[in-house]
Amino acid sequence: DARKTTYKRVMLKISGEALMGDQGFGLHPPTVERIAREVQSVHEMGVEICMVIGGGNIFRGLQGSAQGMERTTADYMGMLATVMNALAMQGALEALGIHTRVISAITMNEVAEPYIRRRAVRHLEKKRVCIFAAGTGNPYFTTDTAATLRANEMSCEAIFKGTKVDGVYDKDPAKFDDAVRYDRISFDDVLQKRLGVMDASAIALARDNELPIIVFSLDEPGGFKGILAGEGTYTIVE
Ligand code: UDP
């Protein structure tokens with residue numbers, strides 16, 4: 001059972017859309033700041049924090065390719081969008097006095113550090129929040145897969161997937177009143193039932209490395225810290 005209250009190192013994955021507030025697009029600085037405070041409260045517990053932020057609030061490769069762009073070009077644009085989000089989060093965390101590093105899978109030395117595993121581990125040991133940007137650096141992947149990959153590489157104990165709802169449901173709770181939340185569900189059930197927790201390659205990568213995924217609501221104030229302390233509602237995929 002991965003349910004525990006003494007995490008040493010975790011991965012927080014949020015979508016780009018989590019940063020756009022009610023705007024429907026882009027970045028909403030007060031929302032970025034609110035999430036930074038959630039991260040701060042966990043940082044204060046002494047937990048080492050990795051972060052991956054998506055790019056969907058700015059650009060998604062699939063959308064671009066549906067509109068006639070070449071898929072790989074569109075995917076690189078999506079990866080660049082994640083760098084913008086990472087910089088926004090870095091700024092908000094540093095305004096709170098937290099040391100951070102943005103580590104990019106695509107080299108852009110003026111903006112972010114290149115990804116060097118041992119160096120990233122060292123940052124974590126020094127309690128710097130590491131924000132992994134530019135996804136995996138490869139088209140045809142998602143930031144969910146990037147989060148799972150980096151979580152494995154950094155030996156995180158779990159992936160915390162912050163969403164709009166407090167876990168994984170058997171059907172969309174926004175559409176169905178009788179939707180039921182799972183306390184616990186297996187990786188295979190998530191894949192078989194196509195429960196949209198993360199894309200299938202991310203789920204498979206987590207399953208094969210026995211890395212639990214904890215799905216929780218990012219809208220709940222104090223929720224991230226609460227779950228690390230063993231409180232609140234969430235779903236654990238393990
Ligand atoms: N992307 C990619 N490779 C990666 C990660 C991301 O090509 O390893 C691109 C892809 O086009 C994706 C976009 O970046 O649509 C934004 O990432 P994602 O859709 O995962 O963001 P989220 O939905 O979490 O905001």
# chains A, B, ... in the order shown; residues from 1 in each chain; ligands from 1
$ closest_atom_pairs --of "chain A" --to "ligand 1" --cutoff "7 Å" --atoms "only C-alpha atoms and all ligand atoms" --output "tab-separated table"
residue	atom	partner	partner_atom_place_in_ligand_line	distance
A:Ile14	CA	ligand 1	24 (O)	6.3
A:Ser15	CA	ligand 1	24 (O)	3.5
A:Gly16	CA	ligand 1	25 (O)	3.6
A:Glu17	CA	ligand 1	25 (O)	5.5
A:Ile53	CA	ligand 1	24 (O)	6.3
A:Gly54	CA	ligand 1	21 (O)	3.4
A:Gly55	CA	ligand 1	16 (C)	3.9
A:Gly56	CA	ligand 1	25 (O)	3.4
A:Asn57	CA	ligand 1	25 (O)	6.0
A:Phe59	CA	ligand 1	16 (C)	6.2
A:Arg60	CA	ligand 1	15 (O)	3.5
A:Gly61	CA	ligand 1	11 (O)	3.1
A:Leu62	CA	ligand 1	15 (O)	5.8
A:Ala74	CA	ligand 1	11 (O)	5.9
A:Asp75	CA	ligand 1	11 (O)	3.4
A:Tyr76	CA	ligand 1	7 (O)	5.6
A:Met77	CA	ligand 1	11 (O)	6.8
A:Gly78	CA	ligand 1	14 (O)	3.3
A:Met79	CA	ligand 1	14 (O)	4.1
A:Ala81	CA	ligand 1	16 (C)	6.8
A:Thr82	CA	ligand 1	16 (C)	6.4
A:Ala134	CA	ligand 1	5 (C)	6.2
A:Gly135	CA	ligand 1	5 (C)	3.6
A:Thr136	CA	ligand 1	8 (O)	3.6
A:Gly137	CA	ligand 1	8 (O)	5.2
A:Asn138	CA	ligand 1	3 (N)	4.8
A:Pro139	CA	ligand 1	7 (O)	3.6
A:Tyr140	CA	ligand 1	7 (O)	5.1
A:Phe141	CA	ligand 1	3 (N)	4.0
A:Thr142	CA	ligand 1	5 (C)	3.7
A:Thr143	CA	ligand 1	20 (O)	3.7
A:Asp144	CA	ligand 1	20 (O)	5.8
A:Thr145	CA	ligand 1	8 (O)	6.6
A:Ala146	CA	ligand 1	8 (O)	5.4
$ write_last_selection --atoms "N, CA and C atoms" --output "tab-separated table (two decimals), in the first residue's frame"
chain	number	residue	atom	x	y	z
A	14	ILE	N	0.67	19.13	-12.96
A	14	ILE	CA	-0.56	19.89	-13.20
A	14	ILE	C	-0.66	20.20	-14.69
A	15	SER	N	-1.88	20.38	-15.14
A	15	SER	CA	-2.06	20.72	-16.55
A	15	SER	C	-1.80	22.21	-16.72
A	16	GLY	N	-1.54	22.59	-17.94
A	16	GLY	CA	-1.40	24.02	-18.23
A	16	GLY	C	-2.68	24.77	-17.91
A	17	GLU	N	-3.80	24.09	-18.14
A	17	GLU	CA	-5.09	24.74	-17.90
A	17	GLU	C	-5.29	25.13	-16.44
A	53	ILE	N	4.55	20.85	-15.57
A	53	ILE	CA	3.35	21.62	-15.90
A	53	ILE	C	3.10	21.44	-17.40
A	54	GLY	N	1.86	21.18	-17.75
A	54	GLY	CA	1.52	21.02	-19.16
A	54	GLY	C	1.55	22.35	-19.91
A	55	GLY	N	1.04	22.31	-21.11
A	55	GLY	CA	1.06	23.52	-21.94
A	55	GLY	C	-0.27	23.84	-22.60
A	56	GLY	N	-1.28	23.04	-22.24
A	56	GLY	CA	-2.56	23.12	-22.93
A	56	GLY	C	-3.28	24.47	-22.83
A	57	ASN	N	-2.88	25.30	-21.88
A	57	ASN	CA	-3.47	26.64	-21.78
A	57	ASN	C	-2.94	27.56	-22.87
A	59	PHE	N	-0.83	26.06	-25.98
A	59	PHE	CA	-0.80	25.35	-27.26
A	59	PHE	C	-0.76	23.85	-27.07
A	60	ARG	N	-1.56	23.14	-27.86
A	60	ARG	CA	-1.54	21.67	-27.87
A	60	ARG	C	-1.21	21.19	-29.26
A	61	GLY	N	-0.27	20.25	-29.34
A	61	GLY	CA	0.14	19.75	-30.64
A	61	GLY	C	-1.00	19.19	-31.46
A	62	LEU	N	-1.89	18.44	-30.81
A	62	LEU	CA	-2.98	17.82	-31.54
A	62	LEU	C	-3.91	18.85	-32.17
A	74	ALA	N	3.96	21.19	-34.45
A	74	ALA	CA	2.95	21.59	-33.47
A	74	ALA	C	3.34	21.08	-32.07
A	75	ASP	N	3.88	19.87	-32.02
A	75	ASP	CA	4.29	19.32	-30.72
A	75	ASP	C	5.45	20.13	-30.12
A	76	TYR	N	6.40	20.53	-30.95
A	76	TYR	CA	7.48	21.37	-30.42
A	76	TYR	C	6.93	22.69	-29.89
A	77	MET	N	5.93	23.24	-30.57
A	77	MET	CA	5.30	24.46	-30.06
A	77	MET	C	4.64	24.20	-28.71
A	78	GLY	N	4.02	23.04	-28.58
A	78	GLY	CA	3.42	22.66	-27.29
A	78	GLY	C	4.48	22.56	-26.20
A	79	MET	N	5.61	21.97	-26.54
A	79	MET	CA	6.70	21.85	-25.55
A	79	MET	C	7.20	23.23	-25.14
A	81	ALA	N	5.45	25.88	-25.06
A	81	ALA	CA	4.40	26.44	-24.19
A	81	ALA	C	4.64	26.01	-22.73
A	82	THR	N	5.09	24.77	-22.54
A	82	THR	CA	5.33	24.30	-21.16
A	82	THR	C	6.48	25.07	-20.51
A	134	ALA	N	9.49	21.53	-21.04
A	134	ALA	CA	9.63	21.02	-22.41
A	134	ALA	C	9.32	19.53	-22.51
A	135	GLY	N	8.51	19.05	-21.62
A	135	GLY	CA	8.04	17.66	-21.69
A	135	GLY	C	9.19	16.67	-21.69
A	136	THR	N	9.09	15.68	-22.55
A	136	THR	CA	10.16	14.70	-22.70
A	136	THR	C	11.20	15.18	-23.71
A	137	GLY	N	10.89	16.27	-24.40
A	137	GLY	CA	11.75	16.75	-25.48
A	137	GLY	C	11.44	16.09	-26.82
A	138	ASN	N	10.45	15.20	-26.81
A	138	ASN	CA	10.10	14.47	-28.04
A	138	ASN	C	8.65	14.71	-28.42
A	139	PRO	N	8.41	14.87	-29.74
A	139	PRO	CA	7.01	14.95	-30.18
A	139	PRO	C	6.30	13.62	-29.95
A	140	TYR	N	5.01	13.62	-30.06
A	140	TYR	CA	4.14	12.45	-29.86
A	140	TYR	C	4.07	11.98	-28.41
A	141	PHE	N	4.60	12.78	-27.49
A	141	PHE	CA	4.45	12.45	-26.07
A	141	PHE	C	3.62	13.54	-25.40
A	142	THR	N	3.31	13.32	-24.15
A	142	THR	CA	2.57	14.34	-23.40
A	142	THR	C	3.35	14.68	-22.13
A	143	THR	N	2.89	15.69	-21.46
A	143	THR	CA	3.55	16.05	-20.21
A	143	THR	C	3.20	15.06	-19.10
A	144	ASP	N	2.12	14.28	-19.26
A	144	ASP	CA	1.87	13.20	-18.28
A	144	ASP	C	2.99	12.16	-18.36
A	145	THR	N	3.38	11.84	-19.58
A	145	THR	CA	4.48	10.89	-19.75
A	145	THR	C	5.78	11.50	-19.24
A	146	ALA	N	5.98	12.79	-19.51
A	146	ALA	CA	7.18	13.47	-19.02
A	146	ALA	C	7.22	13.42	-17.49
$ closest_atom_pairs --of "region 74-187 of chain A" --to "region 28-39 of chain A" --cutoff "7 Å" --atoms "only C-alpha atoms" --output "Markdown table"
| residue | atom | partner | partner_atom | distance |
| --- | --- | --- | --- | --- |
| A:Met89 | CA | A:Val32 | CA | 6.3 |
| A:Ala92 | CA | A:Glu33 | CA | 5.5 |
| A:Leu93 | CA | A:Ala36 | CA | 5.4 |
$ write_last_selection --atoms "C-alpha atoms" --output "compact mmCIF listing (two decimals), in the first residue's frame"
# COMPACT_ATOMS: atom_id res chain seq x y z
CA MET A 89 5.64 29.10 -11.83
CA ALA A 92 5.73 32.83 -8.41
CA LEU A 93 7.70 30.38 -6.23
$ closest_residue --among "A:Thr148, A:Ser217, A:Asn209, A:Ser104" --to "Thr233 (chain A)" --atoms "only C-alpha atoms"
A:Ser217
$ closest_atom_pairs --of "region 207-228 of chain A" --to "region 157-179 of chain A" --cutoff "7 Å" --atoms "only C-alpha atoms" --output "Markdown table"
| residue | atom | partner | partner_atom | distance |
| --- | --- | --- | --- | --- |
| A:Leu211 | CA | A:Ala158 | CA | 5.7 |
| A:Pro212 | CA | A:Ala158 | CA | 5.1 |
| A:Ile213 | CA | A:Ile159 | CA | 4.7 |
| A:Ile214 | CA | A:Phe160 | CA | 4.8 |
| A:Val215 | CA | A:Lys161 | CA | 4.8 |
| A:Phe216 | CA | A:Asp166 | CA | 4.4 |
| A:Ser217 | CA | A:Asp166 | CA | 4.3 |
| A:Leu218 | CA | A:Gly162 | CA | 4.9 |
| A:Asp219 | CA | A:Lys164 | CA | 6.2 |
$ closest_residue --among "A:Arg122, A:Thr235, A:Phe132, A:Glu44" --to "Met84 (chain A)" --atoms "only C-alpha atoms"
A:Phe132
$ closest_residue --among "A:Gln67, A:Leu124, A:Glu210, A:Ile58" --to "Gln23 (chain A)" --atoms "only C-alpha atoms"
A:Ile58
$ residues_around --residues "Pro114 (chain A)" --least-positions-apart "4" --cutoff "7 Å" --atoms "only C-alpha atoms" --output "number ranges by chain"
A: 103-105, 107, 109
$ residues_around --residues "Met45 (chain A)" --least-positions-apart "2" --cutoff "10 Å" --atoms "only C-alpha atoms" --output "list of chain:residue names"
A:Thr6, A:Tyr7, A:Lys8, A:Gln40, A:Ser41, A:Val42, A:His43, A:Val47, A:Glu48, A:Lys225, A:Leu228, A:Ala229
$ select_by_dssp --residues "chain A" --states "strand (DSSP E or B)" --output "NGL selection string"
:A and (9-14 or 48-53 or 100-104 or 113-114 or 129-133 or 158-163 or 168-169 or 181-182 or 184-185 or 213-217 or 235-237)
$ select_by_dssp --residues "region 53-230 of chain A" --states "alpha helix (DSSP H)" --output "PyMOL selection string"
chain A and resi 61-66+71-95+117-125+143-153+187-192+200-208+223-228
$ closest_residue --among "A:Ile185, A:Leu27, A:Ala66, A:Ile98" --to "Val129 (chain A)" --atoms "only C-alpha atoms"
A:Ile98
$ atom_distance --atom1 "CA of Cys156 (chain A)" --atom2 "CA of Gln90 (chain A)"
20.2 Å
$ residues_around --residues "His99 (chain A)" --least-positions-apart "3" --cutoff "10 Å" --atoms "only C-alpha atoms" --output "list in words"
Gln90, Gly91, Leu93, Glu94, Ala95, Leu96, His123, Lys126, Lys127, Arg128, Val129 and Cys130 of chain A
